[in-house]
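Participant: Okay, handing you the structure first.
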Amino acid sequence: MNSNELGNVKEVAGFLALIRDAELIEDFLRCLLTNNELNEIDRRWELVKRLDRGISQRQIARDLGMSLCKITRGSKELKKQNSAFKRILQKYC
């Protein structure tokens with residue numbers, strides 16, 4: 001997917017950045033995404049938080065029933081220079 005195909009993602013990100021109502025954002029996400037998509041986001045964010053706390057990838061895989069591939073991807077994203085995951089964890093968690 002190239003950046004030209006992500007115009008709507010940028011639009012959604014822009015107005016989410018302006019909304020200061022967590023309940024409205026959650027309602028919007030529940031309208032936009034299926035239950036499976038919401039569950040996947042929930043699990044992926046949980047794995048990022050656990051990685052940040054230093055929990056091993058194998059333990060996370062056991063606890064969350066996830067493949068090591070997904071967990072490794074999250075780990076790589078967390079370790080990137082100027083990682084969005086890291087910035088959000090440091091600022092908001």
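Naming works like this for the structure tokens: A, B, ... for the chains as they're shown, residue 1 at the start of each chain, ligands 1 onward in shown order.
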Excluding region 63-69 of chain A and any residue of its chain fewer than 6 positions from it, enumerate the residues within 12 Å of it, using only C-alpha atoms, and give them as a list in words.
Facilitator: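 So, after excluding close chain neighbours, the residues are Asn39, Glu40, Asp42, Arg43, Arg44, Trp45, Glu46, Leu47, Val48, Arg50, Ile55, Ser56, Gln57, Ser75 and Lys76 of chain A.
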Participant: With only C-alpha atoms as the counted atoms, please give the residues lying no more than 12 Å from region 5-15 of chain A, apart from itself and same-chain residues fewer than 4 positions off, as a ChimeraX atom specification.
Facilitator: /A:1,19-21,24-25,28-29,32
Participant: Report, in Å to a single decimal, how far apart CA of Phe85 (chain A) and CA of Asn36 (chain A) are.
Facilitator: 21.8 Å
Participant: So how many Å separate CA of Lys86 (chain A) and CA of Ile71 (chain A), to one decimal?
Facilitator: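 Separation of CA of Lys86 (chain A) and CA of Ile71 (chain A): 15.3 Å.
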Participant: Mind giving me the straight-line distance from CA of Leu51 (chain A) to CA of Arg73 (chain A) in Å, one decimal?
Facilitator: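 So the answer is 11.1 Å.
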Participant: Using backbone DSSP assignments, extract all helix (DSSP H, G or I) residues from chain A; output them as a ChimeraX atom specification.
Facilitator: /A:3-18,22-32,35-52,57-64,68-79,84-92
Participant: Please write the residues from the selection above to a file, keeping C-alpha atoms, as an mmCIF file, in the first residue's frame.
Facilitator:
```cif
data_model
loop_
_atom_site.group_PDB
_atom_site.id
_atom_site.type_symbol
_atom_site.label_atom_id
_atom_site.label_comp_id
_atom_site.auth_asym_id
_atom_site.auth_seq_id
_atom_site.Cartn_x
_atom_site.Cartn_y
_atom_site.Cartn_z
ATOM 1 C CA SER A 3 0.975 6.688 0.749
ATOM 2 C CA ASN A 4 -1.519 7.826 -1.913
ATOM 3 C CA GLU A 5 -3.832 5.018 -0.837
ATOM 4 C CA LEU A 6 -3.795 6.170 2.783
ATOM 5 C CA GLY A 7 -5.566 9.498 2.362
ATOM 6 C CA ASN A 8 -8.516 8.369 4.454
ATOM 7 C CA VAL A 9 -6.226 7.059 7.192
ATOM 8 C CA LYS A 10 -4.592 10.489 7.351
ATOM 9 C CA GLU A 11 -8.012 12.126 7.463
ATOM 10 C CA VAL A 12 -9.163 9.894 10.335
ATOM 11 C CA ALA A 13 -5.887 10.438 12.201
ATOM 12 C CA GLY A 14 -6.303 14.181 11.795
ATOM 13 C CA PHE A 15 -9.737 14.385 13.320
ATOM 14 C CA LEU A 16 -8.938 11.859 16.040
ATOM 15 C CA ALA A 17 -6.071 14.145 17.023
ATOM 16 C CA LEU A 18 -8.585 16.966 17.499
ATOM 17 C CA ALA A 22 -12.342 9.249 24.605
ATOM 18 C CA GLU A 23 -15.909 7.924 24.654
ATOM 19 C CA LEU A 24 -16.668 9.469 21.247
ATOM 20 C CA ILE A 25 -13.442 8.044 19.818
ATOM 21 C CA GLU A 26 -14.280 4.589 21.170
ATOM 22 C CA ASP A 27 -17.829 4.821 19.749
ATOM 23 C CA PHE A 28 -16.385 5.882 16.380
ATOM 24 C CA LEU A 29 -13.938 2.956 16.362
ATOM 25 C CA ARG A 30 -16.746 0.544 17.260
ATOM 26 C CA CYS A 31 -18.751 1.871 14.285
ATOM 27 C CA LEU A 32 -15.792 1.720 11.907
ATOM 28 C CA ASN A 35 -15.532 -6.897 16.653
ATOM 29 C CA ASN A 36 -12.716 -9.071 15.271
ATOM 30 C CA GLU A 37 -10.757 -5.991 14.189
ATOM 31 C CA LEU A 38 -11.266 -4.350 17.582
ATOM 32 C CA ASN A 39 -10.129 -7.530 19.338
ATOM 33 C CA GLU A 40 -7.042 -7.693 17.131
ATOM 34 C CA ILE A 41 -6.149 -4.076 17.938
ATOM 35 C CA ASP A 42 -6.697 -4.794 21.636
ATOM 36 C CA ARG A 43 -4.396 -7.833 21.554
ATOM 37 C CA ARG A 44 -1.698 -6.116 19.507
ATOM 38 C CA TRP A 45 -1.594 -3.122 21.845
ATOM 39 C CA GLU A 46 -1.405 -5.499 24.814
ATOM 40 C CA LEU A 47 1.580 -7.257 23.262
ATOM 41 C CA VAL A 48 3.351 -3.906 22.695
ATOM 42 C CA LYS A 49 2.802 -2.921 26.340
ATOM 43 C CA ARG A 50 4.120 -6.286 27.530
ATOM 44 C CA LEU A 51 7.177 -6.024 25.290
ATOM 45 C CA ASP A 52 7.840 -2.563 26.687
ATOM 46 C CA GLN A 57 8.246 -12.888 23.401
ATOM 47 C CA ARG A 58 7.696 -16.553 24.231
ATOM 48 C CA GLN A 59 5.781 -15.673 27.411
ATOM 49 C CA ILE A 60 3.620 -13.185 25.496
ATOM 50 C CA ALA A 61 2.937 -15.844 22.842
ATOM 51 C CA ARG A 62 1.809 -18.268 25.559
ATOM 52 C CA ASP A 63 -0.271 -15.698 27.452
ATOM 53 C CA LEU A 64 -2.008 -14.171 24.438
ATOM 54 C CA LEU A 68 5.940 -15.281 17.441
ATOM 55 C CA CYS A 69 5.832 -13.563 14.014
ATOM 56 C CA LYS A 70 3.272 -10.998 15.222
ATOM 57 C CA ILE A 71 5.176 -10.469 18.428
ATOM 58 C CA THR A 72 8.486 -10.069 16.604
ATOM 59 C CA ARG A 73 6.901 -7.477 14.326
ATOM 60 C CA GLY A 74 5.714 -5.536 17.370
ATOM 61 C CA SER A 75 9.162 -5.814 18.917
ATOM 62 C CA LYS A 76 10.827 -4.479 15.764
ATOM 63 C CA GLU A 77 8.413 -1.534 15.618
ATOM 64 C CA LEU A 78 9.041 -0.766 19.288
ATOM 65 C CA LYS A 79 12.820 -0.759 18.722
ATOM 66 C CA ALA A 84 5.496 5.766 17.461
ATOM 67 C CA PHE A 85 4.854 2.914 19.903
ATOM 68 C CA LYS A 86 7.618 4.106 22.214
ATOM 69 C CA ARG A 87 6.574 7.756 21.988
ATOM 70 C CA ILE A 88 2.975 6.924 22.877
ATOM 71 C CA LEU A 89 3.980 4.622 25.718
ATOM 72 C CA GLN A 90 6.290 7.254 27.182
ATOM 73 C CA LYS A 91 3.815 10.107 26.834
ATOM 74 C CA TYR A 92 0.484 8.510 27.654
#
```
